[in-house]
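First comes the structure, then the notes that go with it.
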There are 2 protein chains.
Amino acid sequence: MTETAHVLVVDDDPDIRDELQEYLTGHGFRVSTAEGGAAMHAVLEKEPVDLIIMDLKMPGESGLSLTSSVRKTSKAGVIILTGTGDDVDRVVGLEIGADDYIAKPCNLRELLARVRSVLRRTRGEGGAGLEVEAECLQFAGWTLDLSERRLTSPDSAEVPLTTGEFNMLEAFVTRPKRVLNRDQILDLTQGRDWSPYDRSIDNLISRLRQKIEADPKNPQIIKTVRGVGYLFTPAVSKK
Amino acid sequence: MTETAHVLVVDDDPDIRDELQEYLTGHGFRVSTAEGGAAMHAVLEKEPVDLIIMDLKMPGESGLSLTSSVRKTSKAGVIILTGTGDDVDRVVGLEIGADDYIAKPCNLRELLARVRSVLRRTRGEGGAGLEVEAECLQFAGWTLDLSERRLTSPDSAEVPLTTGEFNMLEAFVTRPKRVLNRDQILDLTQGRDWSPYDRSIDNLISRLRQKIEADPKNPQIIKTVRGVGYLFTPAVSKK
DNA sequence: AAGCCCTGCGACAAATTGATACAAATTCAT
DNA sequence: ATGAATTTGTATCAATTTGTCGCAGGGCTT
């Protein structure tokens, strides 16, 4: 995994360009911006880009057409920003070749998560991976589908998880057999800092256990390490 | 677990370098220090390093980029130190390939615990394995699963252990036939210092014996060495 | 054998965690 | 946009775990 992924933000609104540039730069990415198709192609020709964040609606040109033109020349992943009112549904964007999309006004943290997720997927794929590699992780009979964000029980029933529960389970599943303290968990799930007497993690742990532990009183999957944090014990395998 | 793991501290602040060096040396590690990337690489070329503790923010160079460059040439584990104020999401570190991270100002005991934890994981792993090998140790008919933190009795019943009891048993099982004094036990289980008249270890020993000794009055597994400490007598075999 | 020191362990207190209830916040649908 | 429903954080209390205290019992020294 590279230290400085190069992200290109394409949006006609300078405020949004600045906002995203500042935020993503602060999170360790190298960020370029472009206010339209011409500027975008200029950047693409000059230097390799790992990921493009593209506004769907820009004066004169559509993010969709830009996306498909990008696809022909670059291996960069694409995340599309859609306005709230836009009736364009996910499928259209994905069929054009976008890797993900997110609605405006966007939660920066969520955007960050998706940026990372797309980078993870697009990276290391030699060829043009139209197939979004379904990342399914299995543990103790359960299946966690990271791309669809679904959890399936050992008896093949889908168990609905809230956003918070899923994020937490994802954090654990991708770091099995390793004690995570509350600070880290909060960091991984919400990018928030932890302060003593914050019991929200304990609470979430409790809720998650109710859903995935056979006997929540004697947890076998997520064990607590008193005075430190929690530990996800099962072995995890890719499916 | 070996006492002479080689740890390399990379930080531009000499105070922190000294502090960590002194502390870790005092706990049985061999410690080198480096104030920047150049010095770090110099050490890495000269001698094998088991673990690197790296400051995230150093003038001129980022701990993140150093981490990924280390990854290419060395098998050393990496723990990243992040400043509290760092706007850079700490999570990035884990995705870059660090094995763990800890916030500054850091609790030395917690750091010690994490150092040991990472060493345990990175050691003996030939290739980069997502799945940590399941370590099951057997003694006197009992089975202690270190990764799932479970104890199974000779008649195949699971015996629940508290965090403290498990940590203590783990310390003994990984150091069989060897007298451990109270200072060492406390250090291994909690990274805490022992002071005379601290009877908490005696107490824990007593509780553990109740659970694993056939006759707690005549302990056969954990024997007392009067005036010194305790001794785990059974032979231990990997399963 | 007496006395001192160390250890075993029961009892209590402190600290940590689990779980429920409720309020705040967010999301969703209308 | 407004209200309902879901989700999430906080408060609270119960349960568990752990450290401290104290005394009894046994070993070692003199």
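Residue numbers start at 1 in each chain; chains themselves are named A, B, ... in the order of the structure tokens; ligands are numbered from 1 in the order shown.
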Taking only C-alpha atoms (C1' of nucleotides) into account, what are the residues of chain C at most 10 Å from chain A, put as a short mmCIF file (atom, residue, chain, number, x, y, z; two decimals) with N, CA, C and O atoms (P, O5', C5', C4', C3', O3' and C1' of nucleotides), in the first residue's frame?
data_model
loop_
_atom_site.label_atom_id
_atom_site.label_comp_id
_atom_site.auth_asym_id
_atom_site.auth_seq_id
_atom_site.Cartn_x
_atom_site.Cartn_y
_atom_site.Cartn_z
P DA C 15 -10.83 3.19 43.04
"O5'" DA C 15 -10.85 2.31 41.71
"C5'" DA C 15 -9.88 1.29 41.54
"C4'" DA C 15 -10.27 0.40 40.38
"C3'" DA C 15 -10.74 1.14 39.13
"O3'" DA C 15 -10.02 0.65 38.02
"C1'" DA C 15 -12.30 -0.53 39.73
P DT C 16 -10.11 1.41 36.62
"O5'" DT C 16 -10.98 0.41 35.74
"C5'" DT C 16 -10.56 -0.95 35.65
"C4'" DT C 16 -11.69 -1.80 35.13
"C3'" DT C 16 -12.33 -1.28 33.83
"O3'" DT C 16 -12.05 -2.21 32.80
"C1'" DT C 16 -13.95 -2.07 35.40
P DT C 17 -12.52 -1.90 31.32
"O5'" DT C 17 -13.88 -2.73 31.22
"C5'" DT C 17 -13.87 -4.10 31.57
"C4'" DT C 17 -15.27 -4.64 31.70
"C3'" DT C 17 -16.16 -4.44 30.46
"O3'" DT C 17 -16.68 -5.70 30.07
"C1'" DT C 17 -17.30 -3.80 32.43
P DG C 18 -17.70 -5.78 28.87
"O5'" DG C 18 -19.10 -5.92 29.62
"C5'" DG C 18 -19.37 -7.12 30.35
"C4'" DG C 18 -20.86 -7.26 30.59
"C3'" DG C 18 -21.73 -7.07 29.35
"O3'" DG C 18 -22.82 -7.99 29.42
"C1'" DG C 18 -22.27 -5.39 30.93
P DA C 19 -23.90 -7.99 28.30
"O5'" DA C 19 -25.04 -7.08 28.90
"C5'" DA C 19 -25.61 -7.42 30.16
"C4'" DA C 19 -26.72 -6.43 30.52
"C3'" DA C 19 -27.68 -6.12 29.37
"O3'" DA C 19 -29.00 -6.03 29.88
"C1'" DA C 19 -26.75 -4.12 30.17
#
Proximal residues of chain D relative to chain B (only C-alpha atoms (C1' of nucleotides); 12 Å) as a PDB file with N, CA and C atoms (P, O5', C5', C4', C3', O3' and C1' of nucleotides), in the first residue's frame:
ATOM      1  P    DT D  16     -22.140 -12.203  37.619  1.00  0.00           P
ATOM      2  O5'  DT D  16     -20.628 -11.809  37.308  1.00  0.00           O
ATOM      3  C5'  DT D  16     -20.320 -11.251  36.038  1.00  0.00           C
ATOM      4  C4'  DT D  16     -18.966 -10.596  36.069  1.00  0.00           C
ATOM      5  C3'  DT D  16     -17.851 -11.452  36.685  1.00  0.00           C
ATOM      6  O3'  DT D  16     -16.871 -11.654  35.686  1.00  0.00           O
ATOM      7  C1'  DT D  16     -17.765  -9.205  37.474  1.00  0.00           C
ATOM      8  P    DT D  17     -15.678 -12.687  35.918  1.00  0.00           P
ATOM      9  O5'  DT D  17     -14.472 -11.712  36.299  1.00  0.00           O
ATOM     10  C5'  DT D  17     -14.215 -10.594  35.480  1.00  0.00           C
ATOM     11  C4'  DT D  17     -13.263  -9.648  36.180  1.00  0.00           C
ATOM     12  C3'  DT D  17     -12.046 -10.322  36.816  1.00  0.00           C
ATOM     13  O3'  DT D  17     -10.879  -9.719  36.293  1.00  0.00           O
ATOM     14  C1'  DT D  17     -13.042  -8.798  38.319  1.00  0.00           C
ATOM     15  P    DT D  18      -9.443 -10.335  36.564  1.00  0.00           P
ATOM     16  O5'  DT D  18      -8.872  -9.334  37.662  1.00  0.00           O
ATOM     17  C5'  DT D  18      -8.889  -7.944  37.395  1.00  0.00           C
ATOM     18  C4'  DT D  18      -8.553  -7.165  38.653  1.00  0.00           C
ATOM     19  C3'  DT D  18      -7.346  -7.720  39.426  1.00  0.00           C
ATOM     20  O3'  DT D  18      -6.409  -6.687  39.607  1.00  0.00           O
ATOM     21  C1'  DT D  18      -9.169  -7.320  40.875  1.00  0.00           C
ATOM     22  P    DG D  19      -4.991  -6.981  40.215  1.00  0.00           P
ATOM     23  O5'  DG D  19      -5.004  -6.137  41.564  1.00  0.00           O
ATOM     24  C5'  DG D  19      -5.207  -4.735  41.485  1.00  0.00           C
ATOM     25  C4'  DG D  19      -5.446  -4.158  42.877  1.00  0.00           C
ATOM     26  C3'  DG D  19      -4.335  -4.469  43.880  1.00  0.00           C
ATOM     27  O3'  DG D  19      -4.060  -3.297  44.649  1.00  0.00           O
ATOM     28  C1'  DG D  19      -6.416  -5.283  44.691  1.00  0.00           C
ATOM     29  P    DT D  20      -2.901  -3.358  45.739  1.00  0.00           P
ATOM     30  O5'  DT D  20      -3.714  -3.457  47.106  1.00  0.00           O
ATOM     31  C5'  DT D  20      -4.734  -2.496  47.387  1.00  0.00           C
ATOM     32  C4'  DT D  20      -5.339  -2.753  48.761  1.00  0.00           C
ATOM     33  C3'  DT D  20      -4.316  -3.039  49.862  1.00  0.00           C
ATOM     34  O3'  DT D  20      -4.659  -2.263  51.006  1.00  0.00           O
ATOM     35  C1'  DT D  20      -5.925  -4.778  49.768  1.00  0.00           C
ATOM     36  P    DC D  21      -3.689  -2.245  52.279  1.00  0.00           P
ATOM     37  O5'  DC D  21      -4.498  -3.165  53.302  1.00  0.00           O
ATOM     38  C5'  DC D  21      -5.894  -2.926  53.483  1.00  0.00           C
ATOM     39  C4'  DC D  21      -6.477  -3.982  54.409  1.00  0.00           C
ATOM     40  C3'  DC D  21      -5.561  -4.368  55.582  1.00  0.00           C
ATOM     41  O3'  DC D  21      -6.285  -4.255  56.791  1.00  0.00           O
ATOM     42  C1'  DC D  21      -6.315  -6.306  54.420  1.00  0.00           C
ATOM     43  P    DG D  26      -0.867 -26.283  59.034  1.00  0.00           P
ATOM     44  O5'  DG D  26       0.554 -26.092  58.356  1.00  0.00           O
ATOM     45  C5'  DG D  26       0.617 -25.722  56.978  1.00  0.00           C
ATOM     46  C4'  DG D  26       2.002 -25.191  56.663  1.00  0.00           C
ATOM     47  C3'  DG D  26       3.128 -26.055  57.249  1.00  0.00           C
ATOM     48  O3'  DG D  26       4.084 -26.302  56.227  1.00  0.00           O
ATOM     49  C1'  DG D  26       3.430 -23.786  57.847  1.00  0.00           C
ATOM     50  P    DG D  27       5.221 -27.377  56.473  1.00  0.00           P
ATOM     51  O5'  DG D  27       6.507 -26.481  56.277  1.00  0.00           O
ATOM     52  C5'  DG D  27       6.630 -25.703  55.089  1.00  0.00           C
ATOM     53  C4'  DG D  27       7.730 -24.660  55.240  1.00  0.00           C
ATOM     54  C3'  DG D  27       9.067 -25.250  55.686  1.00  0.00           C
ATOM     55  O3'  DG D  27      10.101 -24.617  54.941  1.00  0.00           O
ATOM     56  C1'  DG D  27       8.406 -23.553  57.191  1.00  0.00           C
ATOM     57  P    DC D  28      11.481 -25.345  54.842  1.00  0.00           P
ATOM     58  O5'  DC D  28      12.411 -24.278  55.555  1.00  0.00           O
ATOM     59  C5'  DC D  28      12.350 -22.918  55.145  1.00  0.00           C
ATOM     60  C4'  DC D  28      13.029 -22.047  56.178  1.00  0.00           C
ATOM     61  C3'  DC D  28      14.351 -22.630  56.710  1.00  0.00           C
ATOM     62  O3'  DC D  28      15.375 -21.667  56.544  1.00  0.00           O
ATOM     63  C1'  DC D  28      12.917 -21.982  58.509  1.00  0.00           C
TER      64       DC D  28
END
Query raised in the report: Rounded to one decimal in Å, what is the spacing between atom CA of A:Thr233 and atom CA of B:Glu148?
Result: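 Atom-to-atom, atom CA of A:Thr233 to atom CA of B:Glu148, that is 4.9 Å.
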Report task. May I have the residues of chain A within 10 Å of chain B, counting only C-alpha atoms, written as a ChimeraX atom specification? Result -> /A:1-4,23-29,116,120,174-181,183-185,187-189,191-193,218,220-228,231-238
Requested in this report: Provide the atom CA of B:Ala5 to atom CA of A:Phe172 distance in Å, to one decimal place.
Outcome: 27.5 Å
Report task. Please return as a ChimeraX atom specification: the residues of stretch 159-225 of chain B that backbone DSSP assigns to strand (DSSP E or B). Result -> /B:159,179-181,222-225
Requested in this report: Would you kindly return, as a ChimeraX atom specification, each protein, DNA or RNA residue with an atom no farther than 10 Å from any atom of D:DT12, considering only C-alpha atoms (C1' of nucleotides) and excluding same-chain residues fewer than 2 positions away?
Outcome: /C:20-21 /D:10,14
Report task. With a distance cut-off of 10 Å and only C-alpha atoms (C1' of nucleotides), select the neighbouring residues of D:DA5, excluding the residue or stretch itself and same-chain residues fewer than 3 positions from it, and output the selection as a ChimeraX atom specification. Result -> /C:27-29
Writing out the chosen residues with N, CA, C and O atoms (P, O5', C5', C4', C3', O3' and C1' of nucleotides) as a PDB file, in the first residue's frame:
ATOM      1  P    DT C  27     -27.264  11.104   8.991  1.00  0.00           P
ATOM      2  O5'  DT C  27     -28.550  10.214   8.705  1.00  0.00           O
ATOM      3  C5'  DT C  27     -28.626   8.918   9.290  1.00  0.00           C
ATOM      4  C4'  DT C  27     -29.959   8.278   8.943  1.00  0.00           C
ATOM      5  C3'  DT C  27     -30.370   8.411   7.469  1.00  0.00           C
ATOM      6  O3'  DT C  27     -30.833   7.148   7.026  1.00  0.00           O
ATOM      7  C1'  DT C  27     -32.093   9.210   8.868  1.00  0.00           C
ATOM      8  P    DC C  28     -31.094   6.905   5.489  1.00  0.00           P
ATOM      9  O5'  DC C  28     -32.687   6.887   5.463  1.00  0.00           O
ATOM     10  C5'  DC C  28     -33.388   6.092   6.427  1.00  0.00           C
ATOM     11  C4'  DC C  28     -34.876   6.346   6.308  1.00  0.00           C
ATOM     12  C3'  DC C  28     -35.367   6.548   4.871  1.00  0.00           C
ATOM     13  O3'  DC C  28     -36.390   5.612   4.592  1.00  0.00           O
ATOM     14  C1'  DC C  28     -36.129   8.311   6.306  1.00  0.00           C
ATOM     15  P    DA C  29     -36.974   5.547   3.157  1.00  0.00           P
ATOM     16  O5'  DA C  29     -38.400   6.194   3.423  1.00  0.00           O
ATOM     17  C5'  DA C  29     -39.119   5.814   4.600  1.00  0.00           C
ATOM     18  C4'  DA C  29     -40.359   6.665   4.744  1.00  0.00           C
ATOM     19  C3'  DA C  29     -41.122   6.885   3.441  1.00  0.00           C
ATOM     20  O3'  DA C  29     -42.513   6.742   3.680  1.00  0.00           O
ATOM     21  C1'  DA C  29     -40.506   8.980   4.364  1.00  0.00           C
TER      22       DA C  29
END
Report task. DSSP on the backbone, then: every residue of stretch 4-237 of chain B marked alpha helix (DSSP H), written as number ranges by chain. Result -> B: 14-26, 37-46, 63-73, 91-96, 108-122, 163-173, 182-190, 200-212
